[in-house]
Amino acid sequence: MSRFKLRLLALAALLSALQLPAMAEDIALPTITLYMTVDWEGWSLDEENLDAMRQFRRKHPEIPMLHLLNPVYFIRPGVDASDTAQKIKSTLLPSDAHGLHLHGWKSLVEHCELPYKSEPSFGGVHEACAEGDCGYTVSLEYAYSEHELTILTGCSVDLLVQQGFDWPKSFRAGGWQLGPKLASAILKNGFLMDTSRTAPQLVARRWDESSNLVKMVRTLHADGTILDQPYELLPGLMEYPNNASLADYTRTDELVEIFRTLVANNKSVMVLGFHQESAFNYLDRLADAIPLMQQIADEAGVHLQWARFH
């Protein structure tokens, strides 16, 4: 082989070697992963909220959602459980995950053959009802024993699976009311991920500092901040803090500022979301924040990706 060809080969090898670092640098862009969560409270399944979700899904089919489902919808008197399940499923996509969300609803507690507890209430309201349903604001962590919570969680999982939902592996407590008892209960029921921790400062944006909810969240998650990242809560159970709260609590500009702060501090996970029961009122806040967050990520040289569950 001539010297000229050898030099060409050597030059080509050198150029190839020089390009490798650039390619590796592109691949190794810092990444922030966003988890879109939905709390299904158990209050109602109003068409305006379901339709707001469907419209969002059509506009953003690339965003998988973690649906934290409440089984109380299926067990109230006069409810067609199959029809109710279909209403919920009309908002879901194949890329979504099915989790569990629990409030202390009396109908659910008694369906699971447990004695109903009407206090303490994180809403500071009277939860002892003679007729109808109540218990939404009862703190599961403070009201029930670990044994009772284990039974309630297992019973709730069964109700979801009976209606054709996937076996849930993710959990969020109503009112972010998760402590040692409830954490142990969900672990015993095979859950792998909890997302009940939040920053008290985010709750205080909507609730007064003197409210029961803020006081309880400050006790349960005393050191919670928007910079919180995933960690092992118990052996086999990961905590993914709800570090951006839910749309009811964060305006678009506040949500964007949280994202900016996470990016500036080189954090890799943001957990945000909304309530099904108020999607019509607040889902637009998330929709408006998405392009603004993408712009911040692009300017910072950070790859924004949505968590995938399958």
# chains A, B, ... in the order shown; residues from 1 in each chain; ligands from 1
>>> closest_atom_pairs(of="stretch 155-209 of chain A", to="stretch 59-71 of chain A", cutoff="12 Å", atoms="only C-alpha atoms", output="JSON lines")
{"residue": "A:Cys155", "atom": "CA", "partner": "A:Pro71", "partner_atom": "CA", "distance": 9.3}
{"residue": "A:Ser156", "atom": "CA", "partner": "A:Pro71", "partner_atom": "CA", "distance": 6.0}
{"residue": "A:Val157", "atom": "CA", "partner": "A:Pro71", "partner_atom": "CA", "distance": 7.9}
{"residue": "A:Asp158", "atom": "CA", "partner": "A:Pro71", "partner_atom": "CA", "distance": 9.0}
{"residue": "A:Leu159", "atom": "CA", "partner": "A:Pro71", "partner_atom": "CA", "distance": 6.0}
{"residue": "A:Leu160", "atom": "CA", "partner": "A:Pro71", "partner_atom": "CA", "distance": 5.9}
{"residue": "A:Val161", "atom": "CA", "partner": "A:Pro71", "partner_atom": "CA", "distance": 9.6}
{"residue": "A:Gln162", "atom": "CA", "partner": "A:Pro71", "partner_atom": "CA", "distance": 10.1}
{"residue": "A:Gln163", "atom": "CA", "partner": "A:Pro71", "partner_atom": "CA", "distance": 9.2}
{"residue": "A:Gly164", "atom": "CA", "partner": "A:Pro71", "partner_atom": "CA", "distance": 11.8}
{"residue": "A:Phe165", "atom": "CA", "partner": "A:Leu69", "partner_atom": "CA", "distance": 9.3}
{"residue": "A:Asp166", "atom": "CA", "partner": "A:Leu69", "partner_atom": "CA", "distance": 10.7}
{"residue": "A:Trp167", "atom": "CA", "partner": "A:Leu69", "partner_atom": "CA", "distance": 11.2}
{"residue": "A:Pro168", "atom": "CA", "partner": "A:Leu68", "partner_atom": "CA", "distance": 8.6}
{"residue": "A:Lys169", "atom": "CA", "partner": "A:Leu68", "partner_atom": "CA", "distance": 10.0}
{"residue": "A:Ser170", "atom": "CA", "partner": "A:Leu68", "partner_atom": "CA", "distance": 7.5}
{"residue": "A:Phe171", "atom": "CA", "partner": "A:Leu68", "partner_atom": "CA", "distance": 6.6}
{"residue": "A:Arg172", "atom": "CA", "partner": "A:Leu68", "partner_atom": "CA", "distance": 6.8}
{"residue": "A:Ala173", "atom": "CA", "partner": "A:Leu68", "partner_atom": "CA", "distance": 9.4}
{"residue": "A:Gly174", "atom": "CA", "partner": "A:Asn70", "partner_atom": "CA", "distance": 9.8}
{"residue": "A:Met193", "atom": "CA", "partner": "A:Leu66", "partner_atom": "CA", "distance": 11.3}
{"residue": "A:Asp194", "atom": "CA", "partner": "A:Leu68", "partner_atom": "CA", "distance": 10.5}
{"residue": "A:Thr195", "atom": "CA", "partner": "A:Leu68", "partner_atom": "CA", "distance": 9.8}
{"residue": "A:Ser196", "atom": "CA", "partner": "A:Leu68", "partner_atom": "CA", "distance": 11.0}
>>> write_last_selection(atoms="N, CA and C atoms", output="short mmCIF file (atom, residue, chain, number, x, y, z; two decimals), in the first residue's frame")
data_model
loop_
_atom_site.label_atom_id
_atom_site.label_comp_id
_atom_site.auth_asym_id
_atom_site.auth_seq_id
_atom_site.Cartn_x
_atom_site.Cartn_y
_atom_site.Cartn_z
N CYS A 155 -57.36 -4.77 50.25
CA CYS A 155 -58.74 -4.79 49.76
C CYS A 155 -58.91 -3.85 48.58
N SER A 156 -58.29 -2.67 48.65
CA SER A 156 -58.39 -1.68 47.58
C SER A 156 -57.72 -2.16 46.31
N VAL A 157 -56.59 -2.82 46.45
CA VAL A 157 -55.90 -3.40 45.29
C VAL A 157 -56.82 -4.41 44.60
N ASP A 158 -57.45 -5.26 45.39
CA ASP A 158 -58.35 -6.28 44.82
C ASP A 158 -59.49 -5.63 44.03
N LEU A 159 -60.04 -4.54 44.56
CA LEU A 159 -61.15 -3.86 43.88
C LEU A 159 -60.72 -3.32 42.52
N LEU A 160 -59.53 -2.77 42.44
CA LEU A 160 -59.04 -2.25 41.16
C LEU A 160 -58.82 -3.39 40.16
N VAL A 161 -58.19 -4.44 40.61
CA VAL A 161 -57.89 -5.56 39.71
C VAL A 161 -59.19 -6.21 39.22
N GLN A 162 -60.20 -6.29 40.08
CA GLN A 162 -61.48 -6.86 39.70
C GLN A 162 -62.14 -6.08 38.56
N GLN A 163 -61.83 -4.79 38.43
CA GLN A 163 -62.41 -3.97 37.37
C GLN A 163 -61.50 -3.88 36.14
N GLY A 164 -60.49 -4.73 36.08
CA GLY A 164 -59.67 -4.82 34.88
C GLY A 164 -58.47 -3.89 34.84
N PHE A 165 -58.12 -3.28 35.97
CA PHE A 165 -56.94 -2.43 36.00
C PHE A 165 -55.72 -3.28 36.36
N ASP A 166 -54.55 -2.80 35.96
CA ASP A 166 -53.31 -3.52 36.27
C ASP A 166 -53.08 -3.54 37.78
N TRP A 167 -52.39 -4.59 38.22
CA TRP A 167 -52.03 -4.67 39.64
C TRP A 167 -51.15 -3.47 39.99
N PRO A 168 -51.61 -2.61 40.89
CA PRO A 168 -50.86 -1.37 41.15
C PRO A 168 -49.57 -1.61 41.93
N LYS A 169 -48.52 -0.93 41.51
CA LYS A 169 -47.23 -0.99 42.20
C LYS A 169 -46.80 0.37 42.74
N SER A 170 -47.60 1.40 42.43
CA SER A 170 -47.29 2.76 42.88
C SER A 170 -48.44 3.28 43.74
N PHE A 171 -48.12 4.13 44.70
CA PHE A 171 -49.10 4.57 45.69
C PHE A 171 -48.92 6.04 46.02
N ARG A 172 -50.05 6.70 46.31
CA ARG A 172 -50.01 8.03 46.92
C ARG A 172 -51.14 8.12 47.94
N ALA A 173 -50.81 8.62 49.12
CA ALA A 173 -51.81 8.78 50.18
C ALA A 173 -52.56 10.09 49.99
N GLY A 174 -53.86 10.06 50.24
CA GLY A 174 -54.65 11.29 50.20
C GLY A 174 -54.11 12.31 51.19
N MET A 193 -43.25 1.57 44.79
CA MET A 193 -43.01 3.01 44.69
C MET A 193 -44.10 3.77 45.41
N ASP A 194 -43.69 4.75 46.20
CA ASP A 194 -44.62 5.69 46.81
C ASP A 194 -44.29 7.09 46.32
N THR A 195 -45.32 7.93 46.24
CA THR A 195 -45.10 9.32 45.84
C THR A 195 -45.97 10.24 46.69
N SER A 196 -45.92 9.99 48.03
CA SER A 196 -46.73 10.76 48.97
C SER A 196 -45.97 11.89 49.64
#
>>> residues_around(residues="A:Ser107", least_positions_apart="6", cutoff="9 Å", atoms="only C-alpha atoms", output="list in words")
Val72, Ile75, Arg76, Tyr116, Gly132, Asp133, Cys134 and Gly135 of chain A
>>> residues_around(residues="A:Glu232", least_positions_apart="6", cutoff="12 Å", atoms="only C-alpha atoms", output="short mmCIF file (atom, residue, chain, number, x, y, z; two decimals) with N, CA and C atoms, in the first residue's frame")
data_model
loop_
_atom_site.label_atom_id
_atom_site.label_comp_id
_atom_site.auth_asym_id
_atom_site.auth_seq_id
_atom_site.Cartn_x
_atom_site.Cartn_y
_atom_site.Cartn_z
N ALA A 183 -46.60 3.39 55.22
CA ALA A 183 -45.48 2.93 54.39
C ALA A 183 -45.27 1.43 54.56
N LEU A 187 -45.91 -1.59 51.64
CA LEU A 187 -44.81 -2.51 51.35
C LEU A 187 -45.28 -3.95 51.50
N LEU A 192 -43.99 -1.04 45.11
CA LEU A 192 -42.57 -0.77 44.89
C LEU A 192 -42.23 0.71 44.95
N MET A 193 -43.25 1.57 44.79
CA MET A 193 -43.01 3.01 44.69
C MET A 193 -44.10 3.77 45.41
N ASP A 194 -43.69 4.75 46.20
CA ASP A 194 -44.62 5.69 46.81
C ASP A 194 -44.29 7.09 46.32
N THR A 195 -45.32 7.93 46.24
CA THR A 195 -45.10 9.32 45.84
C THR A 195 -45.97 10.24 46.69
N MET A 238 -39.35 2.37 47.06
CA MET A 238 -38.74 3.64 46.68
C MET A 238 -39.73 4.79 46.88
N GLU A 239 -39.22 5.91 47.32
CA GLU A 239 -40.01 7.14 47.42
C GLU A 239 -39.65 8.06 46.27
N TYR A 240 -40.66 8.47 45.51
CA TYR A 240 -40.51 9.47 44.47
C TYR A 240 -41.28 10.70 44.92
N PRO A 241 -40.63 11.64 45.58
CA PRO A 241 -41.33 12.79 46.16
C PRO A 241 -42.11 13.60 45.13
#
>>> closest_residue(among="A:Val217, A:Cys129, A:Pro77, A:Lys89", to="A:His111", atoms="only C-alpha atoms")
A:Pro77
>>> residues_around(residues="stretch 252-258 of chain A", least_positions_apart="5", cutoff="10 Å", atoms="only C-alpha atoms", output="list of chain:residue names")
A:Leu202, A:Ile226, A:Leu227, A:Asn243, A:Ala244, A:Ser245, A:Leu246, A:Ala247, A:Val263, A:Ala264, A:Met270, A:Leu272, A:Tyr282, A:Leu283, A:Asp284, A:Arg285, A:Leu286, A:Ala287, A:Asp288, A:Ala289, A:Ile290, A:Pro291, A:Leu292, A:Met293, A:Gln294, A:Ile296
>>> select_by_dssp(residues="stretch 153-249 of chain A", states="strand (DSSP E)", output="list in words")
Ser170, Phe171, Arg172, Ala173, Met193, Asp194, Tyr231, Glu232, Leu233, Leu234, Leu237, Met238 and Glu239 of chain A
>>> write_last_selection(atoms="N, CA and C atoms", output="mmCIF file, in the first residue's frame")
data_model
loop_
_atom_site.group_PDB
_atom_site.id
_atom_site.type_symbol
_atom_site.label_atom_id
_atom_site.label_comp_id
_atom_site.auth_asym_id
_atom_site.auth_seq_id
_atom_site.Cartn_x
_atom_site.Cartn_y
_atom_site.Cartn_z
ATOM 1 N N SER A 170 -47.599 1.405 42.429
ATOM 2 C CA SER A 170 -47.291 2.763 42.878
ATOM 3 C C SER A 170 -48.437 3.275 43.740
ATOM 4 N N PHE A 171 -48.116 4.134 44.696
ATOM 5 C CA PHE A 171 -49.097 4.568 45.691
ATOM 6 C C PHE A 171 -48.917 6.043 46.022
ATOM 7 N N ARG A 172 -50.048 6.701 46.313
ATOM 8 C CA ARG A 172 -50.010 8.034 46.922
ATOM 9 C C ARG A 172 -51.144 8.123 47.942
ATOM 10 N N ALA A 173 -50.808 8.622 49.121
ATOM 11 C CA ALA A 173 -51.807 8.782 50.178
ATOM 12 C C ALA A 173 -52.555 10.088 49.989
ATOM 13 N N MET A 193 -43.251 1.571 44.791
ATOM 14 C CA MET A 193 -43.009 3.012 44.689
ATOM 15 C C MET A 193 -44.102 3.774 45.414
ATOM 16 N N ASP A 194 -43.689 4.754 46.199
ATOM 17 C CA ASP A 194 -44.624 5.693 46.814
ATOM 18 C C ASP A 194 -44.294 7.092 46.325
ATOM 19 N N TYR A 231 -35.475 8.203 46.646
ATOM 20 C CA TYR A 231 -34.616 7.516 47.607
ATOM 21 C C TYR A 231 -35.355 6.294 48.124
ATOM 22 N N GLU A 232 -34.638 5.398 48.773
ATOM 23 C CA GLU A 232 -35.257 4.204 49.323
ATOM 24 C C GLU A 232 -35.915 4.542 50.650
ATOM 25 N N LEU A 233 -37.235 4.439 50.683
ATOM 26 C CA LEU A 233 -37.996 4.740 51.891
ATOM 27 C C LEU A 233 -37.911 3.589 52.882
ATOM 28 N N LEU A 234 -38.109 2.379 52.383
ATOM 29 C CA LEU A 234 -37.937 1.141 53.135
ATOM 30 C C LEU A 234 -37.277 0.149 52.193
ATOM 31 N N LEU A 237 -38.897 -0.487 48.834
ATOM 32 C CA LEU A 237 -39.912 0.538 48.540
ATOM 33 C C LEU A 237 -39.222 1.876 48.284
ATOM 34 N N MET A 238 -39.349 2.368 47.058
ATOM 35 C CA MET A 238 -38.743 3.641 46.676
ATOM 36 C C MET A 238 -39.729 4.788 46.880
ATOM 37 N N GLU A 239 -39.218 5.910 47.316
ATOM 38 C CA GLU A 239 -40.015 7.137 47.421
ATOM 39 C C GLU A 239 -39.653 8.061 46.272
#
>>> select_by_dssp(residues="stretch 65-187 of chain A", states="alpha helix (DSSP H)", output="ChimeraX atom specification")
/A:81-89,106-111,140-143,146-162,180-187
>>> residues_around(residues="A:Lys181", least_positions_apart="6", cutoff="9 Å", atoms="only C-alpha atoms", output="PyMOL selection string")
chain A and resi 141-142+144-147+149-150
>>> write_last_selection(atoms="C-alpha atoms", output="mmCIF file, in the first residue's frame")
data_model
loop_
_atom_site.group_PDB
_atom_site.id
_atom_site.type_symbol
_atom_site.label_atom_id
_atom_site.label_comp_id
_atom_site.auth_asym_id
_atom_site.auth_seq_id
_atom_site.Cartn_x
_atom_site.Cartn_y
_atom_site.Cartn_z
ATOM 1 C CA GLU A 141 -51.711 7.585 58.904
ATOM 2 C CA TYR A 142 -53.014 9.124 62.101
ATOM 3 C CA TYR A 144 -55.691 3.783 61.624
ATOM 4 C CA SER A 145 -53.323 1.102 62.856
ATOM 5 C CA GLU A 146 -50.714 -0.513 60.620
ATOM 6 C CA HIS A 147 -52.756 -3.726 60.626
ATOM 7 C CA LEU A 149 -54.020 -0.012 56.826
ATOM 8 C CA THR A 150 -52.585 -3.271 55.525
#
>>> atom_distance(atom1="atom CA of A:Tyr249", atom2="atom CA of A:Val203")
6.8 Å
>>> closest_residue(among="A:Val214, A:Ile186, A:Ala279, A:Leu45", to="A:Asp83", atoms="only C-alpha atoms")
A:Leu45
>>> residues_around(residues="A:Leu213", least_positions_apart="2", cutoff="10 Å", atoms="only C-alpha atoms", output="ChimeraX atom specification")
/A:121-124,137,139,175-177,200,203-204,207-211,215-219
>>> write_last_selection(atoms="N, CA and C atoms", output="short mmCIF file (atom, residue, chain, number, x, y, z; two decimals), in the first residue's frame")
data_model
loop_
_atom_site.label_atom_id
_atom_site.label_comp_id
_atom_site.auth_asym_id
_atom_site.auth_seq_id
_atom_site.Cartn_x
_atom_site.Cartn_y
_atom_site.Cartn_z
N SER A 121 -58.95 14.85 61.12
CA SER A 121 -59.18 15.34 59.77
C SER A 121 -58.10 16.33 59.38
N PHE A 122 -57.45 16.10 58.23
CA PHE A 122 -56.45 17.08 57.78
C PHE A 122 -57.12 18.34 57.23
N GLY A 123 -58.44 18.25 57.00
CA GLY A 123 -59.17 19.42 56.54
C GLY A 123 -59.81 20.20 57.66
N GLY A 124 -59.72 19.66 58.88
CA GLY A 124 -60.33 20.34 60.01
C GLY A 124 -61.84 20.37 59.95
N THR A 137 -61.29 13.60 54.28
CA THR A 137 -60.17 14.31 54.90
C THR A 137 -59.59 13.59 56.12
N SER A 139 -57.13 11.49 58.06
CA SER A 139 -55.74 11.10 57.82
C SER A 139 -55.58 9.60 58.07
N GLY A 175 -54.00 13.55 50.75
CA GLY A 175 -53.48 14.61 51.60
C GLY A 175 -52.00 14.42 51.92
N TRP A 176 -51.30 13.61 51.13
CA TRP A 176 -49.87 13.31 51.36
C TRP A 176 -49.65 12.75 52.77
N GLN A 177 -50.69 12.05 53.31
CA GLN A 177 -50.65 11.60 54.70
C GLN A 177 -49.98 10.23 54.84
N PRO A 200 -43.76 20.95 52.31
CA PRO A 200 -44.79 21.70 53.03
C PRO A 200 -45.04 23.09 52.47
N VAL A 203 -47.79 23.06 49.88
CA VAL A 203 -49.14 22.92 50.45
C VAL A 203 -49.59 24.25 51.06
N ALA A 204 -48.64 24.94 51.68
CA ALA A 204 -48.97 26.21 52.34
C ALA A 204 -49.35 27.30 51.36
N TRP A 207 -53.20 26.36 51.45
CA TRP A 207 -53.78 26.21 52.78
C TRP A 207 -53.04 27.11 53.77
N ASP A 208 -53.74 27.63 54.72
CA ASP A 208 -53.15 28.51 55.73
C ASP A 208 -52.16 27.73 56.60
N GLU A 209 -51.13 28.42 57.06
CA GLU A 209 -50.12 27.78 57.91
C GLU A 209 -50.73 27.15 59.15
N SER A 210 -51.84 27.70 59.63
CA SER A 210 -52.47 27.19 60.85
C SER A 210 -53.42 26.02 60.57
N SER A 211 -53.60 25.66 59.29
CA SER A 211 -54.53 24.58 58.93
C SER A 211 -53.97 23.22 59.37
N LYS A 215 -50.02 21.65 59.01
CA LYS A 215 -49.38 21.15 60.24
C LYS A 215 -49.01 19.68 60.11
N MET A 216 -49.93 18.87 59.58
CA MET A 216 -49.67 17.43 59.45
C MET A 216 -48.58 17.15 58.42
N VAL A 217 -48.62 17.86 57.28
CA VAL A 217 -47.59 17.66 56.26
C VAL A 217 -46.23 18.09 56.80
N ARG A 218 -46.20 19.17 57.58
CA ARG A 218 -44.92 19.61 58.17
C ARG A 218 -44.40 18.59 59.17
N THR A 219 -45.30 17.86 59.82
CA THR A 219 -44.86 16.82 60.74
C THR A 219 -44.39 15.57 59.99
#
